[in-house]
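Visitor: What follows is run_20.pdb, PDB, C-alpha atoms.
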```pdb
MODEL        1
ATOM      1  CA  MET A   1     -10.369  -9.790  -3.498
ATOM      2  CA  SER A   2      -8.754  -6.417  -3.121
ATOM      3  CA  THR A   3     -10.330  -3.031  -3.704
ATOM      4  CA  ILE A   4      -8.299  -1.336  -6.379
ATOM      5  CA  LEU A   5      -8.023   2.394  -6.987
ATOM      6  CA  PRO A   6     -10.983   3.619  -9.046
ATOM      7  CA  PRO A   7     -11.046   5.975 -12.045
ATOM      8  CA  GLY A   8     -10.539   9.618 -11.178
ATOM      9  CA  THR A   9      -7.799   8.882  -8.624
ATOM     10  CA  PRO A  10      -4.334  10.337  -9.252
ATOM     11  CA  ALA A  11      -2.078   7.349  -9.983
ATOM     12  CA  PRO A  12       0.447   6.929  -7.140
ATOM     13  CA  ASP A  13       3.965   7.603  -8.381
ATOM     14  CA  PHE A  14       6.692   4.986  -8.057
ATOM     15  CA  ASN A  15      10.341   4.499  -8.806
ATOM     16  CA  LEU A  16      11.165   0.865  -9.571
ATOM     17  CA  HIS A  17      13.901  -1.121 -11.252
ATOM     18  CA  VAL A  18      13.260  -2.043 -14.890
ATOM     19  CA  THR A  19      16.731  -3.495 -15.422
ATOM     20  CA  PRO A  20      19.462  -4.288 -12.895
ATOM     21  CA  ASP A  21      20.929  -0.813 -13.371
ATOM     22  CA  GLN A  22      17.947   1.298 -14.432
ATOM     23  CA  LYS A  23      14.931   2.636 -12.605
ATOM     24  CA  LEU A  24      11.720   4.104 -13.986
ATOM     25  CA  SER A  25       9.302   6.533 -12.375
ATOM     26  CA  LEU A  26       5.709   6.899 -13.430
ATOM     27  CA  HIS A  27       6.016  10.691 -13.666
ATOM     28  CA  GLU A  28       8.670  10.291 -16.383
ATOM     29  CA  LEU A  29       5.874   9.081 -18.670
ATOM     30  CA  ARG A  30       3.602  12.084 -18.072
ATOM     31  CA  GLY A  31       2.175  13.386 -21.339
ATOM     32  CA  ARG A  32       1.089  10.027 -22.713
ATOM     33  CA  PRO A  33      -1.214   7.266 -21.533
ATOM     34  CA  VAL A  34       0.271   4.451 -19.482
ATOM     35  CA  VAL A  35      -1.096   0.945 -19.113
ATOM     36  CA  LEU A  36      -0.039  -0.541 -15.794
ATOM     37  CA  ALA A  37      -0.594  -4.293 -15.630
ATOM     38  CA  PHE A  38      -0.083  -5.936 -12.245
ATOM     39  CA  TYR A  39       0.257  -9.727 -12.449
ATOM     40  CA  PRO A  40       1.056 -12.449  -9.930
ATOM     41  CA  ALA A  41       4.270 -13.948 -11.234
ATOM     42  CA  ASP A  42       6.672 -14.481 -14.109
ATOM     43  CA  TRP A  43       6.834 -17.929 -15.697
ATOM     44  CA  SER A  44       3.192 -18.896 -15.910
ATOM     45  CA  PRO A  45       3.095 -22.148 -17.832
ATOM     46  CA  VAL A  46       0.637 -21.433 -20.659
ATOM     47  CA  CYS A  47       0.978 -20.200 -24.242
ATOM     48  CA  GLY A  48      -0.372 -16.741 -24.606
ATOM     49  CA  ASP A  49      -0.287 -15.816 -20.966
ATOM     50  CA  GLN A  50      -1.102 -12.239 -20.103
ATOM     51  CA  MET A  51       2.339 -10.701 -20.692
ATOM     52  CA  ALA A  52       2.855 -12.706 -23.891
ATOM     53  CA  LEU A  53      -0.459 -11.453 -25.217
ATOM     54  CA  TYR A  54       0.433  -7.817 -24.496
ATOM     55  CA  ASN A  55       3.764  -8.401 -26.171
ATOM     56  CA  GLU A  56       1.991  -9.513 -29.346
ATOM     57  CA  ILE A  57      -0.218  -6.438 -29.462
ATOM     58  CA  LEU A  58       2.261  -3.702 -28.543
ATOM     59  CA  SER A  59       1.560  -2.012 -31.869
ATOM     60  CA  GLU A  60      -2.104  -1.655 -30.880
ATOM     61  CA  PHE A  61      -1.095   0.127 -27.649
ATOM     62  CA  HIS A  62       1.382   2.281 -29.531
ATOM     63  CA  LYS A  63      -1.392   3.445 -31.893
ATOM     64  CA  PHE A  64      -2.728   5.323 -28.866
ATOM     65  CA  GLY A  65       0.748   6.578 -27.963
ATOM     66  CA  ALA A  66       0.498   4.453 -24.824
ATOM     67  CA  GLU A  67       3.296   2.777 -22.908
ATOM     68  CA  ILE A  68       2.630  -0.553 -21.223
ATOM     69  CA  LEU A  69       4.395  -1.606 -18.047
ATOM     70  CA  GLY A  70       4.130  -5.041 -16.459
ATOM     71  CA  ILE A  71       4.627  -5.152 -12.705
ATOM     72  CA  SER A  72       5.017  -8.011 -10.256
ATOM     73  CA  VAL A  73       6.944  -8.765  -7.067
ATOM     74  CA  ASP A  74       9.530 -10.798  -8.974
ATOM     75  CA  GLY A  75      13.059  -9.473  -8.723
ATOM     76  CA  VAL A  76      14.879  -7.700 -11.489
ATOM     77  CA  TRP A  77      17.013 -10.724 -12.474
ATOM     78  CA  CYS A  78      13.951 -12.911 -12.672
ATOM     79  CA  HIS A  79      12.210 -10.339 -14.878
ATOM     80  CA  GLU A  80      15.280 -10.138 -17.066
ATOM     81  CA  ALA A  81      15.362 -13.902 -17.622
ATOM     82  CA  PHE A  82      11.611 -14.069 -18.189
ATOM     83  CA  ALA A  83      11.589 -11.162 -20.655
ATOM     84  CA  LYS A  84      14.481 -12.712 -22.554
ATOM     85  CA  ASP A  85      12.862 -16.138 -22.694
ATOM     86  CA  ARG A  86       9.535 -14.761 -23.931
ATOM     87  CA  HIS A  87      11.044 -12.057 -26.164
ATOM     88  CA  LEU A  88       9.118  -9.348 -24.347
ATOM     89  CA  HIS A  89       9.556  -5.880 -25.817
ATOM     90  CA  PHE A  90       8.148  -3.795 -22.975
ATOM     91  CA  PRO A  91       9.391  -3.080 -19.447
ATOM     92  CA  LEU A  92       8.688  -5.286 -16.448
ATOM     93  CA  LEU A  93       8.918  -3.484 -13.123
ATOM     94  CA  ALA A  94      10.162  -5.220  -9.997
ATOM     95  CA  ASP A  95       7.955  -4.352  -7.014
ATOM     96  CA  PHE A  96      10.469  -6.287  -4.971
ATOM     97  CA  GLU A  97      11.762  -4.167  -2.096
ATOM     98  CA  PRO A  98       9.864  -3.420   0.039
ATOM     99  CA  LYS A  99       7.910  -6.257  -1.468
ATOM    100  CA  GLY A 100       4.634  -5.250  -3.087
ATOM    101  CA  SER A 101       4.745  -1.692  -1.755
ATOM    102  CA  VAL A 102       3.629  -0.172  -5.081
ATOM    103  CA  ALA A 103       0.923  -2.795  -5.548
ATOM    104  CA  ARG A 104      -0.368  -1.897  -2.082
ATOM    105  CA  THR A 105      -0.704   1.780  -3.028
ATOM    106  CA  TYR A 106      -2.933   0.721  -5.952
ATOM    107  CA  GLY A 107      -4.913  -1.728  -3.804
ATOM    108  CA  ALA A 108      -3.568  -4.528  -5.975
ATOM    109  CA  TYR A 109      -1.658  -6.700  -3.483
ATOM    110  CA  ARG A 110      -2.757 -10.152  -2.337
ATOM    111  CA  ALA A 111      -1.311 -10.196   1.153
ATOM    112  CA  GLU A 112      -2.409 -13.788   1.745
ATOM    113  CA  ASP A 113      -0.388 -15.023  -1.252
ATOM    114  CA  GLY A 114       2.357 -12.418  -1.219
ATOM    115  CA  VAL A 115       1.868 -11.523  -4.888
ATOM    116  CA  CYS A 116       0.162  -8.852  -6.986
ATOM    117  CA  GLU A 117      -3.400  -9.204  -8.118
ATOM    118  CA  ARG A 118      -4.200  -9.348 -11.816
ATOM    119  CA  ALA A 119      -5.163  -5.688 -11.934
ATOM    120  CA  LEU A 120      -5.131  -3.323 -14.878
ATOM    121  CA  PHE A 121      -4.921   0.457 -14.826
ATOM    122  CA  VAL A 122      -5.106   2.862 -17.728
ATOM    123  CA  ILE A 123      -3.554   6.140 -16.630
ATOM    124  CA  ASP A 124      -4.185   9.244 -18.724
ATOM    125  CA  LYS A 125      -1.562  11.699 -19.907
ATOM    126  CA  ASN A 126      -2.051  13.803 -16.774
ATOM    127  CA  GLY A 127      -1.338  10.902 -14.453
ATOM    128  CA  VAL A 128      -4.935  10.249 -13.422
ATOM    129  CA  ILE A 129      -6.433   6.752 -13.459
ATOM    130  CA  ALA A 130      -8.974   6.656 -16.298
ATOM    131  CA  TRP A 131      -9.947   2.981 -16.008
ATOM    132  CA  SER A 132      -9.155   0.119 -13.696
ATOM    133  CA  TYR A 133     -10.078  -3.535 -13.634
ATOM    134  CA  LEU A 134      -9.487  -6.335 -11.167
ATOM    135  CA  SER A 135      -9.539  -9.792 -12.745
ATOM    136  CA  PRO A 136      -9.991 -13.060 -10.884
ATOM    137  CA  VAL A 137      -6.392 -14.129 -10.318
ATOM    138  CA  ALA A 138      -6.731 -17.288 -12.411
ATOM    139  CA  VAL A 139      -8.228 -15.509 -15.416
ATOM    140  CA  ASN A 140      -6.118 -13.752 -18.016
ATOM    141  CA  PRO A 141      -8.068 -10.502 -18.485
ATOM    142  CA  GLY A 142      -6.909 -10.092 -22.083
ATOM    143  CA  ALA A 143      -6.559  -6.695 -23.681
ATOM    144  CA  ASP A 144     -10.023  -5.749 -24.877
ATOM    145  CA  GLY A 145     -10.822  -3.652 -21.788
ATOM    146  CA  ILE A 146      -7.518  -1.813 -22.052
ATOM    147  CA  LEU A 147      -8.059  -0.992 -25.725
ATOM    148  CA  ASP A 148     -11.619   0.184 -25.070
ATOM    149  CA  ALA A 149     -10.341   2.449 -22.289
ATOM    150  CA  LEU A 150      -7.533   3.854 -24.444
ATOM    151  CA  GLU A 151     -10.041   4.540 -27.194
ATOM    152  CA  GLN A 152     -12.199   6.534 -24.792
ATOM    153  CA  LEU A 153      -9.416   8.795 -23.533
ATOM    154  CA  PRO A 154      -9.842  12.436 -24.608
ATOM    155  CA  LYS A 155      -7.471  13.082 -27.502
TER
ATOM    156  CA  MET B   1     -17.275 -11.772 -23.452
ATOM    157  CA  SER B   2     -18.660 -11.915 -26.945
ATOM    158  CA  LEU B   3     -17.521 -12.024 -30.513
ATOM    159  CA  ARG B   4     -17.263  -8.502 -31.906
ATOM    160  CA  ILE B   5     -16.593  -9.468 -35.493
ATOM    161  CA  PRO B   6     -19.634 -11.392 -36.725
ATOM    162  CA  VAL B   7     -19.080 -14.480 -38.828
ATOM    163  CA  SER B   8     -19.319 -13.468 -42.486
ATOM    164  CA  ASP B   9     -18.471 -14.767 -45.924
ATOM    165  CA  GLN B  10     -14.969 -13.409 -45.322
ATOM    166  CA  ASP B  11     -14.489 -16.267 -42.882
ATOM    167  CA  HIS B  12     -13.345 -19.820 -43.445
ATOM    168  CA  ILE B  13     -16.491 -21.768 -42.636
ATOM    169  CA  GLN B  14     -16.832 -25.528 -42.556
ATOM    170  CA  GLY B  15     -20.170 -27.331 -42.362
ATOM    171  CA  ASN B  16     -23.793 -26.376 -42.845
ATOM    172  CA  PRO B  17     -24.047 -22.605 -43.447
ATOM    173  CA  ASP B  18     -27.501 -22.567 -41.813
ATOM    174  CA  ALA B  19     -26.474 -24.573 -38.749
ATOM    175  CA  PRO B  20     -28.107 -23.501 -35.475
ATOM    176  CA  CYS B  21     -24.737 -23.518 -33.721
ATOM    177  CA  THR B  22     -21.505 -21.801 -34.739
ATOM    178  CA  LEU B  23     -18.189 -22.716 -33.165
ATOM    179  CA  VAL B  24     -15.434 -20.162 -33.772
ATOM    180  CA  GLU B  25     -11.837 -20.981 -32.909
ATOM    181  CA  TYR B  26      -9.053 -18.432 -32.668
ATOM    182  CA  GLY B  27      -5.969 -20.556 -33.116
ATOM    183  CA  ASP B  28      -2.251 -20.700 -33.782
ATOM    184  CA  TYR B  29      -0.791 -23.515 -35.901
ATOM    185  CA  GLU B  30       2.297 -23.718 -33.708
ATOM    186  CA  CYS B  31       0.480 -23.704 -30.357
ATOM    187  CA  PRO B  32       0.544 -27.159 -28.757
ATOM    188  CA  HIS B  33      -2.828 -26.562 -27.091
ATOM    189  CA  CYS B  34      -4.367 -25.833 -30.488
ATOM    190  CA  GLY B  35      -2.744 -29.015 -31.742
ATOM    191  CA  HIS B  36      -4.446 -30.819 -28.884
ATOM    192  CA  ALA B  37      -7.788 -29.206 -29.732
ATOM    193  CA  TYR B  38      -7.561 -30.075 -33.441
ATOM    194  CA  PRO B  39      -8.759 -33.723 -33.250
ATOM    195  CA  ILE B  40     -11.288 -32.776 -30.561
ATOM    196  CA  VAL B  41     -12.914 -30.265 -32.904
ATOM    197  CA  LYS B  42     -13.026 -32.950 -35.622
ATOM    198  CA  ARG B  43     -14.878 -35.291 -33.268
ATOM    199  CA  ILE B  44     -17.247 -32.493 -32.243
ATOM    200  CA  GLN B  45     -18.009 -31.717 -35.898
ATOM    201  CA  LYS B  46     -18.684 -35.375 -36.554
ATOM    202  CA  HIS B  47     -20.959 -35.642 -33.543
ATOM    203  CA  PHE B  48     -23.106 -32.596 -34.358
ATOM    204  CA  GLY B  49     -23.155 -32.987 -38.143
ATOM    205  CA  LYS B  50     -25.500 -30.489 -39.787
ATOM    206  CA  LYS B  51     -26.229 -28.757 -36.478
ATOM    207  CA  LEU B  52     -22.789 -27.182 -36.331
ATOM    208  CA  ARG B  53     -20.654 -24.939 -38.482
ATOM    209  CA  PHE B  54     -17.035 -24.332 -37.620
ATOM    210  CA  VAL B  55     -15.032 -21.177 -38.246
ATOM    211  CA  PHE B  56     -11.263 -20.868 -37.881
ATOM    212  CA  ARG B  57      -9.610 -17.495 -37.375
ATOM    213  CA  ASN B  58      -5.901 -16.777 -37.033
ATOM    214  CA  PHE B  59      -4.355 -15.813 -33.738
ATOM    215  CA  PRO B  60      -0.633 -16.410 -34.217
ATOM    216  CA  LEU B  61       1.490 -15.627 -31.160
ATOM    217  CA  ALA B  62       4.360 -14.684 -33.403
ATOM    218  CA  GLU B  63       6.821 -13.586 -30.728
ATOM    219  CA  MET B  64       6.547 -16.942 -29.034
ATOM    220  CA  HIS B  65       6.067 -19.172 -32.056
ATOM    221  CA  PRO B  66       8.428 -18.313 -34.903
ATOM    222  CA  HIS B  67       6.482 -20.281 -37.538
ATOM    223  CA  ALA B  68       2.977 -19.315 -36.457
ATOM    224  CA  GLU B  69       2.585 -16.415 -38.867
ATOM    225  CA  SER B  70       4.079 -18.124 -41.903
ATOM    226  CA  ALA B  71       1.861 -21.154 -41.250
ATOM    227  CA  ALA B  72      -1.210 -18.914 -41.030
ATOM    228  CA  GLU B  73      -0.201 -17.184 -44.270
ATOM    229  CA  THR B  74       0.278 -20.581 -45.921
ATOM    230  CA  ALA B  75      -3.239 -21.608 -44.948
ATOM    231  CA  GLU B  76      -4.594 -18.300 -46.249
ATOM    232  CA  TYR B  77      -2.753 -18.774 -49.540
ATOM    233  CA  ALA B  78      -4.339 -22.210 -49.852
ATOM    234  CA  GLY B  79      -7.677 -20.618 -48.927
ATOM    235  CA  ALA B  80      -7.352 -18.152 -51.787
ATOM    236  CA  HIS B  81      -7.129 -21.232 -54.035
ATOM    237  CA  GLY B  82     -10.054 -23.068 -52.463
ATOM    238  CA  LYS B  83      -7.953 -25.374 -50.285
ATOM    239  CA  PHE B  84      -8.081 -23.708 -46.881
ATOM    240  CA  TRP B  85      -9.318 -26.638 -44.829
ATOM    241  CA  GLU B  86      -7.017 -29.137 -46.491
ATOM    242  CA  MET B  87      -4.042 -26.945 -45.597
ATOM    243  CA  HIS B  88      -5.390 -26.132 -42.124
ATOM    244  CA  ASP B  89      -5.630 -29.838 -41.361
ATOM    245  CA  ALA B  90      -2.256 -30.688 -42.870
ATOM    246  CA  LEU B  91      -0.540 -27.930 -40.863
ATOM    247  CA  PHE B  92      -1.971 -29.161 -37.574
ATOM    248  CA  GLU B  93      -1.129 -32.749 -38.473
ATOM    249  CA  ASN B  94       2.491 -31.702 -39.083
ATOM    250  CA  GLN B  95       2.707 -29.166 -36.309
ATOM    251  CA  GLU B  96       6.153 -30.276 -35.148
ATOM    252  CA  SER B  97       7.755 -29.619 -38.542
ATOM    253  CA  LEU B  98       6.311 -26.234 -39.554
ATOM    254  CA  GLY B  99       8.534 -24.234 -41.880
ATOM    255  CA  GLY B 100       9.328 -23.492 -45.494
ATOM    256  CA  SER B 101      10.080 -27.022 -46.660
ATOM    257  CA  LEU B 102       6.894 -28.440 -45.130
ATOM    258  CA  TYR B 103       4.796 -25.691 -46.750
ATOM    259  CA  LEU B 104       6.241 -26.502 -50.177
ATOM    260  CA  GLN B 105       5.685 -30.208 -49.692
ATOM    261  CA  LEU B 106       2.070 -29.649 -48.616
ATOM    262  CA  ALA B 107       1.491 -27.313 -51.546
ATOM    263  CA  ARG B 108       2.606 -30.078 -53.921
ATOM    264  CA  GLN B 109       0.372 -32.606 -52.185
ATOM    265  CA  LEU B 110      -2.621 -30.262 -52.531
ATOM    266  CA  ALA B 111      -1.832 -29.502 -56.164
ATOM    267  CA  LEU B 112      -1.000 -25.873 -55.389
ATOM    268  CA  SER B 113       1.976 -24.079 -56.886
ATOM    269  CA  PRO B 114       4.938 -24.294 -54.459
ATOM    270  CA  GLN B 115       6.634 -21.367 -56.236
ATOM    271  CA  GLU B 116       3.605 -19.120 -55.888
ATOM    272  CA  LEU B 117       3.139 -20.132 -52.278
ATOM    273  CA  ARG B 118       6.768 -19.356 -51.495
ATOM    274  CA  ALA B 119       6.483 -15.955 -53.189
ATOM    275  CA  ALA B 120       3.237 -15.157 -51.333
ATOM    276  CA  VAL B 121       4.739 -16.030 -47.951
ATOM    277  CA  GLU B 122       7.979 -14.182 -48.675
ATOM    278  CA  SER B 123       6.203 -11.016 -49.759
ATOM    279  CA  ARG B 124       3.726 -11.354 -46.861
ATOM    280  CA  ASP B 125       0.737 -11.142 -49.206
ATOM    281  CA  PHE B 126      -1.604 -12.589 -46.594
ATOM    282  CA  LEU B 127      -0.173 -10.955 -43.485
ATOM    283  CA  ALA B 128      -2.800  -8.197 -43.432
ATOM    284  CA  ARG B 129      -5.570 -10.783 -43.426
ATOM    285  CA  VAL B 130      -3.891 -12.713 -40.597
ATOM    286  CA  LYS B 131      -3.316  -9.544 -38.568
ATOM    287  CA  SER B 132      -6.895  -8.455 -39.047
ATOM    288  CA  ASP B 133      -8.110 -11.766 -37.600
ATOM    289  CA  PHE B 134      -5.716 -11.245 -34.717
ATOM    290  CA  THR B 135      -6.826  -7.697 -33.937
ATOM    291  CA  GLY B 136     -10.499  -8.627 -34.127
ATOM    292  CA  GLY B 137      -9.767 -11.458 -31.714
ATOM    293  CA  VAL B 138      -8.089  -9.176 -29.216
ATOM    294  CA  ARG B 139     -11.098  -6.859 -29.265
ATOM    295  CA  SER B 140     -13.405  -9.828 -28.659
ATOM    296  CA  GLY B 141     -11.465 -10.884 -25.575
ATOM    297  CA  VAL B 142      -9.275 -13.626 -27.009
ATOM    298  CA  ASN B 143      -6.612 -13.959 -24.328
ATOM    299  CA  GLY B 144      -4.619 -16.940 -25.518
ATOM    300  CA  THR B 145      -4.903 -19.912 -27.819
ATOM    301  CA  PRO B 146      -7.070 -21.662 -28.535
ATOM    302  CA  THR B 147     -10.050 -19.475 -27.644
ATOM    303  CA  PHE B 148     -13.473 -20.738 -28.673
ATOM    304  CA  PHE B 149     -16.736 -18.854 -29.113
ATOM    305  CA  ILE B 150     -20.003 -20.778 -29.170
ATOM    306  CA  ASN B 151     -22.794 -18.832 -30.830
ATOM    307  CA  GLY B 152     -20.807 -15.669 -30.247
ATOM    308  CA  LYS B 153     -20.132 -16.226 -26.550
ATOM    309  CA  ARG B 154     -16.614 -16.949 -25.304
ATOM    310  CA  HIS B 155     -16.230 -20.490 -24.006
ATOM    311  CA  ASP B 156     -14.158 -20.129 -20.837
ATOM    312  CA  ALA B 157     -14.324 -23.747 -19.690
ATOM    313  CA  SER B 158     -11.982 -26.482 -20.848
ATOM    314  CA  PHE B 159     -11.968 -27.534 -24.504
ATOM    315  CA  GLU B 160     -11.745 -31.233 -23.821
ATOM    316  CA  TYR B 161     -14.291 -33.217 -25.842
ATOM    317  CA  GLU B 162     -16.878 -33.705 -23.092
ATOM    318  CA  ASP B 163     -16.778 -30.045 -22.063
ATOM    319  CA  LEU B 164     -17.164 -28.704 -25.593
ATOM    320  CA  LEU B 165     -19.901 -31.240 -26.266
ATOM    321  CA  GLN B 166     -21.816 -30.120 -23.197
ATOM    322  CA  ALA B 167     -21.404 -26.430 -23.972
ATOM    323  CA  ILE B 168     -22.640 -26.862 -27.548
ATOM    324  CA  ASN B 169     -25.578 -28.949 -26.376
ATOM    325  CA  ALA B 170     -26.445 -26.160 -23.939
ATOM    326  CA  ALA B 171     -26.250 -23.568 -26.720
ATOM    327  CA  LEU B 172     -28.484 -25.692 -28.963
ATOM    328  CA  ALA B 173     -31.042 -26.149 -26.193
ATOM    329  CA  HIS B 174     -30.985 -22.434 -25.430
ATOM    330  CA  ASP B 175     -31.671 -21.122 -28.950
TER
ENDMDL
END
```
Could you express the structure from this file as structure tokens?
Guide:
Amino acid sequence: MSTILPPGTPAPDFNLHVTPDQKLSLHELRGRPVVLAFYPADWSPVCGDQMALYNEILSEFHKFGAEILGISVDGVWCHEAFAKDRHLHFPLLADFEPKGSVARTYGAYRAEDGVCERALFVIDKNGVIAWSYLSPVAVNPGADGILDALEQLPK
Amino acid sequence: MSLRIPVSDQDHIQGNPDAPCTLVEYGDYECPHCGHAYPIVKRIQKHFGKKLRFVFRNFPLAEMHPHAESAAETAEYAGAHGKFWEMHDALFENQESLGGSLYLQLARQLALSPQELRAAVESRDFLARVKSDFTGGVRSGVNGTPTFFINGKRHDASFEYEDLLQAINAALAHD
């Protein structure tokens, strides 16, 4: 397994496509907490996969003023189709070109499989990693750790 | 991963209240995997008899399953009139036809008022209860449906009959 960036580390900035004609940079979200959820791939075949779960509990994240971003190496068109199919109401970032380069800066890339790890980061309003968690790739880490971390952020 | 919201008299509990083992399911009436688990849980309850109590909590994945919330609210309405388990069972047994007309038909069959049920679902009378189950589940590490807890500990293995049987036997031997 990878070694992911630990709490206390400034979160590496990025500028990635969220839609075919829009890009998003991490620094644009400065001032509020950001949940960054790396995951291996769109289209996992189960009900209530990781992204679907986050989609159901967006209001819980929003209670903390937090934004959640999903991120995988899937391309922007793939993300668009996946988000539409699953009715996702939060952005999916395409870490597509150069493939996995953002995941690598967070220590969240599985070079042997060519996909992101299942790695979670809660980034505070100043852009510093407050909590991070690396899940076994086959296990949906759920949201309890994220919510605990958001709760512990200084107000 | 453990259950943060202890089982209480607010819960829908089936079986011996003093049973040494408690099986909690977080489920969604429209989830096919929960539909698959439904008869398995019945067999498990039959096998363990007085040694097991079963608790069902709502975890509707409403964005994915358009009828999941209304079905959960229908079961809660029935629960408020003492017919939770009858409705819970009927909903799972008719999982492929969830929706307003099924709810009304089931209400009639269970001698509940279809008009009152319709009004309760339309005005979302039981949504807060359903959402509170859901939020408690998220905080306990429910990451999809169905998620089972055996004596408060999340059951991460498969929920096929043999696997659940073994896990409950282990819990009984442990306590």
Visitor: Quick one: residues within 10 Å of Asp21 (chain A), all atoms listed in the file counted, chain neighbours fewer than 3 positions away excluded, as a PyMOL selection string?
Guide: chain A and resi 17-18+76
Visitor: Expand the PyMOL selection byres ((chain B and resi 170-173) around 12) into the explicit residue set it covers here, and present it as a PyMOL selection string.
Guide: chain B and resi 19-23+48+51-52+149-155+163-169+174-175
Visitor: Do me a favour and pick out the residues of chain B within 12 Å of chain A, using all atoms listed in the file, as a PyMOL selection string.
Guide: chain B and resi 1-4+26-28+30-34+59-66+69+131-132+134-147+156-157
Visitor: Interatomic distance between CA of Ala107 (chain B) and CA of Asp89 (chain B)?
Guide: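 Value for the CA of Ala107 (chain B)-CA of Asp89 (chain B) distance: 12.7 Å.
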Visitor: In Å, rounded to a single decimal, give me how far CA of His47 (chain B) is from CA of Gly35 (chain B).
Guide: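 Between CA of Gly35 (chain B) and CA of His47 (chain B) the gap works out to 19.5 Å.
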Visitor: Can you give me, as a short mmCIF file (atom, residue, chain, number, x, y, z; two decimals) with C-alpha atoms, keeping the file's coordinate frame, the residues this file yields under the PyMOL selection byres ((chain B and resi 97-101) around 8)?
Guide:
```cif
data_model
loop_
_atom_site.label_atom_id
_atom_site.label_comp_id
_atom_site.auth_asym_id
_atom_site.auth_seq_id
_atom_site.Cartn_x
_atom_site.Cartn_y
_atom_site.Cartn_z
CA GLU B 30 2.30 -23.72 -33.71
CA HIS B 67 6.48 -20.28 -37.54
CA SER B 70 4.08 -18.12 -41.90
CA ALA B 71 1.86 -21.15 -41.25
CA LEU B 91 -0.54 -27.93 -40.86
CA ASN B 94 2.49 -31.70 -39.08
CA GLN B 95 2.71 -29.17 -36.31
CA GLU B 96 6.15 -30.28 -35.15
CA LEU B 102 6.89 -28.44 -45.13
CA TYR B 103 4.80 -25.69 -46.75
CA LEU B 104 6.24 -26.50 -50.18
CA GLN B 105 5.68 -30.21 -49.69
CA ARG B 118 6.77 -19.36 -51.50
#
```
